[in-house]
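Novice: Please see the structure below; I have some questions.
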Amino acid sequence: FFDYDRLAQQWFPGQEHSDHCKQGIAAFRKAAERWASMGANSPICRLKIDGRNGPFFDLRFPAMYSYLNGLWKWELVGGNWKVVSIPTPPNPPPYEEGCSF
């Protein structure tokens with residue numbers, strides 16, 4: 001679903017191999033895995049599409065997940081559609097261990 005390497009390049013330009021980047025991407029990956037197990041309560045299932053321009057979708061999420069609001073870019077990667085760009089999360093990201101919503 002997500003191209004984590006591309007997200008790392010977007011969120012941490014020039015720092016893709018740093019521990020900070022690796023920890024941030026690992027935390028986001030873990031959050032995305034949790035969303036996949038939430039069924040109909042997943043933020044991915046409850047989003048609203050405000051608009052589309054080519055591969056860019058302007059997405060809106062419920063308040064608890066509003067940090068995900070904005071343009072999401074999809075591309076065909078290795079024969080599968082993947083999200084390659086999303087809004088940069090706030091710092092610290094709300095999905096990291098120990099952070100609450």
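Each chain in the structure tokens gets a letter, A, B, ..., in the order shown, and its residues are numbered from 1; ligands are numbered from 1 in order too.
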For region 3-15 of chain A, list every protein, DNA or RNA residue within 7 Å, evaluated using only C-alpha atoms, and leave out those in the same chain fewer than 6 positions away; present the list as a count of residues only.
Specialist: 7
Novice: Write down as a PyMOL selection string the residues of region 3-64 of chain A whose backbone DSSP state falls under helix (DSSP H, G or I).
Specialist: chain A and resi 4-11+19-37+39-41+63-64
Novice: Please produce a file of those selected residues containing N, CA and C atoms, as a compact mmCIF listing (two decimals), in the first residue's frame.
Specialist:
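Final output, again_32.txt:
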```txt
# COMPACT_ATOMS: atom_id res chain seq x y z
N TYR A 4 7.44 2.81 1.35
CA TYR A 4 8.12 3.40 2.51
C TYR A 4 9.46 4.05 2.16
N ASP A 5 10.14 3.52 1.14
CA ASP A 5 11.40 4.14 0.73
C ASP A 5 11.17 5.55 0.18
N ARG A 6 10.13 5.70 -0.62
CA ARG A 6 9.80 7.02 -1.18
C ARG A 6 9.33 7.97 -0.08
N LEU A 7 8.55 7.45 0.87
CA LEU A 7 8.12 8.30 1.98
C LEU A 7 9.32 8.77 2.80
N ALA A 8 10.29 7.88 3.01
CA ALA A 8 11.50 8.25 3.75
C ALA A 8 12.24 9.39 3.04
N GLN A 9 12.33 9.30 1.71
CA GLN A 9 12.99 10.36 0.95
C GLN A 9 12.24 11.68 1.07
N GLN A 10 10.91 11.62 1.09
CA GLN A 10 10.10 12.83 1.19
C GLN A 10 10.18 13.44 2.59
N TRP A 11 10.00 12.62 3.60
CA TRP A 11 9.92 13.11 4.98
C TRP A 11 11.28 13.48 5.57
N ASP A 19 19.21 7.03 11.85
CA ASP A 19 18.36 6.33 12.82
C ASP A 19 17.02 7.04 12.99
N HIS A 20 17.05 8.37 12.98
CA HIS A 20 15.82 9.15 13.11
C HIS A 20 14.83 8.79 12.00
N CYS A 21 15.31 8.71 10.77
CA CYS A 21 14.47 8.35 9.64
C CYS A 21 13.96 6.92 9.79
N LYS A 22 14.85 6.01 10.08
CA LYS A 22 14.45 4.60 10.21
C LYS A 22 13.40 4.42 11.30
N GLN A 23 13.57 5.10 12.42
CA GLN A 23 12.60 5.00 13.52
C GLN A 23 11.26 5.61 13.12
N GLY A 24 11.29 6.75 12.43
CA GLY A 24 10.06 7.40 11.99
C GLY A 24 9.28 6.55 11.00
N ILE A 25 9.98 5.98 10.03
CA ILE A 25 9.31 5.14 9.04
C ILE A 25 8.81 3.85 9.69
N ALA A 26 9.59 3.27 10.61
CA ALA A 26 9.14 2.05 11.31
C ALA A 26 7.88 2.32 12.12
N ALA A 27 7.81 3.48 12.77
CA ALA A 27 6.61 3.84 13.55
C ALA A 27 5.41 4.02 12.62
N PHE A 28 5.62 4.66 11.47
CA PHE A 28 4.51 4.84 10.53
C PHE A 28 4.07 3.49 9.97
N ARG A 29 5.02 2.63 9.65
CA ARG A 29 4.68 1.29 9.12
C ARG A 29 3.84 0.53 10.14
N LYS A 30 4.22 0.61 11.41
CA LYS A 30 3.47 -0.07 12.48
C LYS A 30 2.06 0.50 12.58
N ALA A 31 1.93 1.82 12.48
CA ALA A 31 0.61 2.45 12.52
C ALA A 31 -0.23 1.99 11.34
N ALA A 32 0.35 1.94 10.15
CA ALA A 32 -0.38 1.50 8.96
C ALA A 32 -0.83 0.05 9.10
N GLU A 33 0.00 -0.79 9.72
CA GLU A 33 -0.39 -2.18 9.96
C GLU A 33 -1.57 -2.25 10.92
N ARG A 34 -1.57 -1.38 11.94
CA ARG A 34 -2.71 -1.33 12.88
C ARG A 34 -3.98 -0.90 12.14
N TRP A 35 -3.84 0.10 11.27
CA TRP A 35 -5.02 0.55 10.52
C TRP A 35 -5.61 -0.59 9.71
N ALA A 36 -4.75 -1.42 9.13
CA ALA A 36 -5.23 -2.53 8.31
C ALA A 36 -6.03 -3.52 9.13
N SER A 37 -5.76 -3.61 10.42
CA SER A 37 -6.46 -4.57 11.28
C SER A 37 -7.72 -3.98 11.92
N GLY A 39 -10.41 -2.78 10.40
CA GLY A 39 -11.62 -2.97 9.62
C GLY A 39 -12.29 -1.64 9.28
N ALA A 40 -13.61 -1.57 9.49
CA ALA A 40 -14.39 -0.38 9.12
C ALA A 40 -13.99 0.85 9.93
N ASN A 41 -13.33 0.67 11.06
CA ASN A 41 -12.90 1.80 11.89
C ASN A 41 -11.56 2.39 11.44
N ALA A 63 -11.22 13.62 12.59
CA ALA A 63 -10.40 14.53 13.42
C ALA A 63 -9.18 13.86 14.04
N MET A 64 -9.34 12.67 14.56
CA MET A 64 -8.23 11.99 15.23
C MET A 64 -7.06 11.72 14.28
```
Novice: Could you give me the residues within region 41-73 of chain A that DSSP places in strand (DSSP E or B), as an mmCIF file with N, CA and C atoms, in the first residue's frame?
Specialist:
```
data_model
loop_
_atom_site.group_PDB
_atom_site.id
_atom_site.type_symbol
_atom_site.label_atom_id
_atom_site.label_comp_id
_atom_site.auth_asym_id
_atom_site.auth_seq_id
_atom_site.Cartn_x
_atom_site.Cartn_y
_atom_site.Cartn_z
ATOM 1 N N LYS A 48 -12.435 10.892 3.246
ATOM 2 C CA LYS A 48 -13.266 11.586 2.262
ATOM 3 C C LYS A 48 -12.338 12.115 1.181
ATOM 4 N N ILE A 49 -12.690 11.896 -0.067
ATOM 5 C CA ILE A 49 -11.897 12.417 -1.180
ATOM 6 C C ILE A 49 -12.459 13.782 -1.557
ATOM 7 N N ASP A 50 -11.667 14.826 -1.323
ATOM 8 C CA ASP A 50 -12.094 16.192 -1.644
ATOM 9 C C ASP A 50 -11.813 16.562 -3.096
ATOM 10 N N GLY A 51 -10.892 15.859 -3.720
ATOM 11 C CA GLY A 51 -10.587 16.164 -5.109
ATOM 12 C C GLY A 51 -9.494 15.264 -5.640
ATOM 13 N N ARG A 52 -9.322 15.308 -6.953
ATOM 14 C CA ARG A 52 -8.288 14.503 -7.594
ATOM 15 C C ARG A 52 -7.741 15.281 -8.777
ATOM 16 N N ASN A 53 -6.418 15.201 -8.938
ATOM 17 C CA ASN A 53 -5.749 15.796 -10.078
ATOM 18 C C ASN A 53 -4.652 14.833 -10.497
ATOM 19 N N PHE A 56 -2.732 12.623 -7.901
ATOM 20 C CA PHE A 56 -2.877 13.252 -6.585
ATOM 21 C C PHE A 56 -4.334 13.232 -6.136
ATOM 22 N N PHE A 57 -4.546 12.774 -4.911
ATOM 23 C CA PHE A 57 -5.869 12.769 -4.303
ATOM 24 C C PHE A 57 -5.819 13.657 -3.068
ATOM 25 N N ASP A 58 -6.771 14.578 -2.959
ATOM 26 C CA ASP A 58 -6.868 15.438 -1.781
ATOM 27 C C ASP A 58 -7.778 14.721 -0.791
ATOM 28 N N LEU A 59 -7.186 14.149 0.251
ATOM 29 C CA LEU A 59 -7.920 13.313 1.197
ATOM 30 C C LEU A 59 -8.136 14.030 2.519
ATOM 31 N N ARG A 60 -9.279 13.750 3.135
ATOM 32 C CA ARG A 60 -9.644 14.279 4.457
ATOM 33 C C ARG A 60 -10.020 13.106 5.344
ATOM 34 N N GLY A 70 -4.600 16.046 3.261
ATOM 35 C CA GLY A 70 -3.801 16.691 2.229
ATOM 36 C C GLY A 70 -3.658 15.829 0.999
ATOM 37 N N LEU A 71 -2.680 16.186 0.176
ATOM 38 C CA LEU A 71 -2.477 15.495 -1.093
ATOM 39 C C LEU A 71 -1.707 14.196 -0.904
ATOM 40 N N TRP A 72 -2.286 13.120 -1.396
ATOM 41 C CA TRP A 72 -1.653 11.809 -1.431
ATOM 42 C C TRP A 72 -1.386 11.487 -2.898
ATOM 43 N N LYS A 73 -0.173 11.045 -3.202
ATOM 44 C CA LYS A 73 0.176 10.704 -4.582
ATOM 45 C C LYS A 73 0.318 9.191 -4.713
#
```
Novice: Between CA of Pro55 (chain A) and CA of Ile86 (chain A), what is the distance in Å, rounded to a tenth?
Specialist: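 Going from CA of Pro55 (chain A) over to CA of Ile86 (chain A), I get 11.8 Å.
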